[in-house]
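Below is one structure, written out as structure tokens; the observations come after it.
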Amino acid sequence: MEQWNNKGMLRNILISYTLLIIVLAVLPINNGEKLNDIFILHVRGDYLVHFAMFIPLMALIRLYTGHTFRTAALKTVAWIFAALVLAVVTEYTQYFLTYRAFNINDMAANVVGVLIGSGFFFVRVNSEQ
């Protein structure tokens, strides 16, 4: 588990993953029709993808910062707020792109992913004993 304590590597992974989310939001890829036809527990597949994209982001932020609500509540809230802004802005940007489609439900799925992923800030990592 020592490799996860390397701040430089975690920073690079976090930046790369954030850029991946941004690039996927603005690329002209609209294969959502296939995902729109897939339902899991009555939820469309593309909503699940939006939701699932932000959970690893929150885990990476948690590992990188080392913050928990217990040790640094204000900093933790600031990171969660930054992730919420990213979740909203990446979807809202699509409103201005003619080749993409803005969907409020996608935005809601992004936000839910951030909020559920925020649960990682309640988890202690072994090195924090």
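In the structure tokens, each chain is lettered A, B, ... as it comes, each chain's residues begin at 1, and ligands are numbered from 1 in order of appearance.
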
inquiry  = Need the shell around region 82-93 of chain A: protein/DNA/RNA residues with any atom at most 6 Å away, counting only C-alpha atoms. Skip same-chain ones fewer than 4 positions apart. Format as number ranges by chain?
reply    = A: 25, 107, 110-111

request  = Identify, on the basis of only C-alpha atoms, every residue whose closest approach to region 4-15 of chain A does not exceed 8 Å; exclude the query and any residue fewer than 3 positions from it along the same chain; express the result as a list of chain:residue names.
outcome  = A:Met1, A:Thr18, A:Leu19, A:Leu57, A:Leu60, A:Ile61, A:Leu63, A:Tyr64

File dump, residues just selected, N, CA, C and O atoms, as an mmCIF file, in the first residue's frame:
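Dumped everything to again-v6.cif:
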```cif
data_model
loop_
_atom_site.group_PDB
_atom_site.id
_atom_site.type_symbol
_atom_site.label_atom_id
_atom_site.label_comp_id
_atom_site.auth_asym_id
_atom_site.auth_seq_id
_atom_site.Cartn_x
_atom_site.Cartn_y
_atom_site.Cartn_z
ATOM 1 N N MET A 1 0.821 -1.199 0.000
ATOM 2 C CA MET A 1 0.000 0.000 0.000
ATOM 3 C C MET A 1 0.858 1.253 0.000
ATOM 4 O O MET A 1 0.344 2.344 -0.109
ATOM 5 N N THR A 18 -9.274 13.909 -13.760
ATOM 6 C CA THR A 18 -10.083 15.116 -13.909
ATOM 7 C C THR A 18 -10.098 15.571 -15.362
ATOM 8 O O THR A 18 -11.154 15.922 -15.906
ATOM 9 N N LEU A 19 -8.932 15.558 -16.005
ATOM 10 C CA LEU A 19 -8.870 15.931 -17.423
ATOM 11 C C LEU A 19 -9.665 14.954 -18.284
ATOM 12 O O LEU A 19 -10.303 15.367 -19.256
ATOM 13 N N LEU A 57 -13.310 9.772 -8.707
ATOM 14 C CA LEU A 57 -12.724 11.104 -8.514
ATOM 15 C C LEU A 57 -12.664 11.442 -7.033
ATOM 16 O O LEU A 57 -11.641 11.916 -6.533
ATOM 17 N N LEU A 60 -9.980 9.433 -5.294
ATOM 18 C CA LEU A 60 -8.651 9.975 -5.587
ATOM 19 C C LEU A 60 -8.376 11.247 -4.793
ATOM 20 O O LEU A 60 -7.268 11.445 -4.273
ATOM 21 N N ILE A 61 -9.366 12.105 -4.694
ATOM 22 C CA ILE A 61 -9.201 13.335 -3.900
ATOM 23 C C ILE A 61 -8.924 12.961 -2.443
ATOM 24 O O ILE A 61 -8.035 13.523 -1.803
ATOM 25 N N LEU A 63 -7.610 10.164 -1.240
ATOM 26 C CA LEU A 63 -6.264 9.600 -1.095
ATOM 27 C C LEU A 63 -5.193 10.676 -1.233
ATOM 28 O O LEU A 63 -4.194 10.666 -0.511
ATOM 29 N N TYR A 64 -5.383 11.598 -2.163
ATOM 30 C CA TYR A 64 -4.384 12.636 -2.401
ATOM 31 C C TYR A 64 -4.286 13.599 -1.217
ATOM 32 O O TYR A 64 -3.197 13.910 -0.752
#
```

query = Can you list every residue in chain A that DSSP puts in helix (DSSP H, G or I), as a ChimeraX atom specification?
reply = /A:2-5,7-26,32-36,45-65,73-96,104-122,126-128

inquiry  = As an exercise, work out the distance from CA of Asp46 (chain A) to CA of Ala108 (chain A) in Å and give it to one decimal place.
reply    = 11.9 Å

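The neighbours of Met53 (chain A) here are the residues that come within 9 Å of it, using only C-alpha atoms and leaving out any residue fewer than 6 positions away in the same chain; they are Ile21, Asn110, Gly113 and Val114 of chain A.
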
Kindly save the residues from that selection, with N, CA, C and O atoms included, as a compact mmCIF listing (two decimals), in the first residue's frame.
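selection27.txt, freshly written:
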```txt
# COMPACT_ATOMS: atom_id res chain seq x y z
N ILE A 21 -12.39 13.38 -17.42
CA ILE A 21 -13.80 13.75 -17.26
C ILE A 21 -14.12 14.96 -18.14
O ILE A 21 -15.15 14.99 -18.83
N ASN A 110 -24.27 13.20 -12.06
CA ASN A 110 -22.92 13.63 -11.71
C ASN A 110 -22.86 14.06 -10.24
O ASN A 110 -21.96 13.66 -9.50
N GLY A 113 -23.13 11.19 -7.87
CA GLY A 113 -21.85 10.47 -7.81
C GLY A 113 -20.87 11.16 -6.88
O GLY A 113 -20.17 10.50 -6.10
N VAL A 114 -20.81 12.49 -6.94
CA VAL A 114 -19.93 13.24 -6.04
C VAL A 114 -20.37 13.06 -4.59
O VAL A 114 -19.55 12.81 -3.70
```

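Nearest residue to Phe122 (chain A) among A:Ala72, A:Ile104, A:Ala109, A:Ala78 is A:Ala72, counting only C-alpha atoms.
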
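Remark: for Phe102 (chain A), the closest of the candidate residues A:Ala73, A:Leu115, A:Val26, A:Leu20 is A:Val26 (distances computed over only C-alpha atoms).
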
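Take the candidates A:Gly45, A:Val23, A:Ala52, A:Phe121 and check each one against Thr65 (chain A) using only C-alpha atoms; the shortest distance goes to A:Phe121.
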
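From CA of Ile55 (chain A) back to CA of Ala101 (chain A), the distance works out to 22.6 Å.
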
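Proximity to Ser118 (chain A) was assessed for A:Phe69, A:Val49, A:Asn105, A:Met58 counting only C-alpha atoms; the smallest distance is recorded for A:Met58.
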
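The space separating CA of Pro28 (chain A) from CA of Gly117 (chain A) comes to 27.1 Å.
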
note = Counting only C-alpha atoms, the residue among A:Val123, A:Thr98, A:Ile29, A:Tyr17 that lies closest to Thr71 (chain A) is A:Val123

key: Members of region 34-104 of chain A assigned strand (DSSP E or B) by DSSP, as an MDAnalysis selection string   = chainID A and resid 39:40 43:44

Any chance you can output those residues with N, CA, C and O atoms as a PDB file, in the first residue's frame?
```pdb
ATOM      1  N   PHE A  39     -31.219  -0.560 -19.150  1.00  0.00           N
ATOM      2  CA  PHE A  39     -31.775  -0.166 -17.860  1.00  0.00           C
ATOM      3  C   PHE A  39     -31.315  -1.150 -16.792  1.00  0.00           C
ATOM      4  O   PHE A  39     -31.367  -2.360 -16.991  1.00  0.00           O
ATOM      5  N   ILE A  40     -30.825  -0.615 -15.696  1.00  0.00           N
ATOM      6  CA  ILE A  40     -30.449  -1.424 -14.544  1.00  0.00           C
ATOM      7  C   ILE A  40     -31.234  -0.877 -13.357  1.00  0.00           C
ATOM      8  O   ILE A  40     -31.062   0.294 -12.995  1.00  0.00           O
ATOM      9  N   VAL A  43     -33.003   2.340 -14.064  1.00  0.00           N
ATOM     10  CA  VAL A  43     -32.177   3.540 -14.270  1.00  0.00           C
ATOM     11  C   VAL A  43     -31.453   3.377 -15.594  1.00  0.00           C
ATOM     12  O   VAL A  43     -30.853   2.338 -15.859  1.00  0.00           O
ATOM     13  N   ARG A  44     -31.506   4.423 -16.433  1.00  0.00           N
ATOM     14  CA  ARG A  44     -30.842   4.360 -17.729  1.00  0.00           C
ATOM     15  C   ARG A  44     -29.336   4.201 -17.569  1.00  0.00           C
ATOM     16  O   ARG A  44     -28.728   4.756 -16.655  1.00  0.00           O
TER      17      ARG A  44
END
```

message = Measuring between only C-alpha atoms, which one of A:Ile80, A:Leu48, A:Leu27, A:Val112 shows the shortest distance to Tyr99 (chain A)?
response = A:Leu27
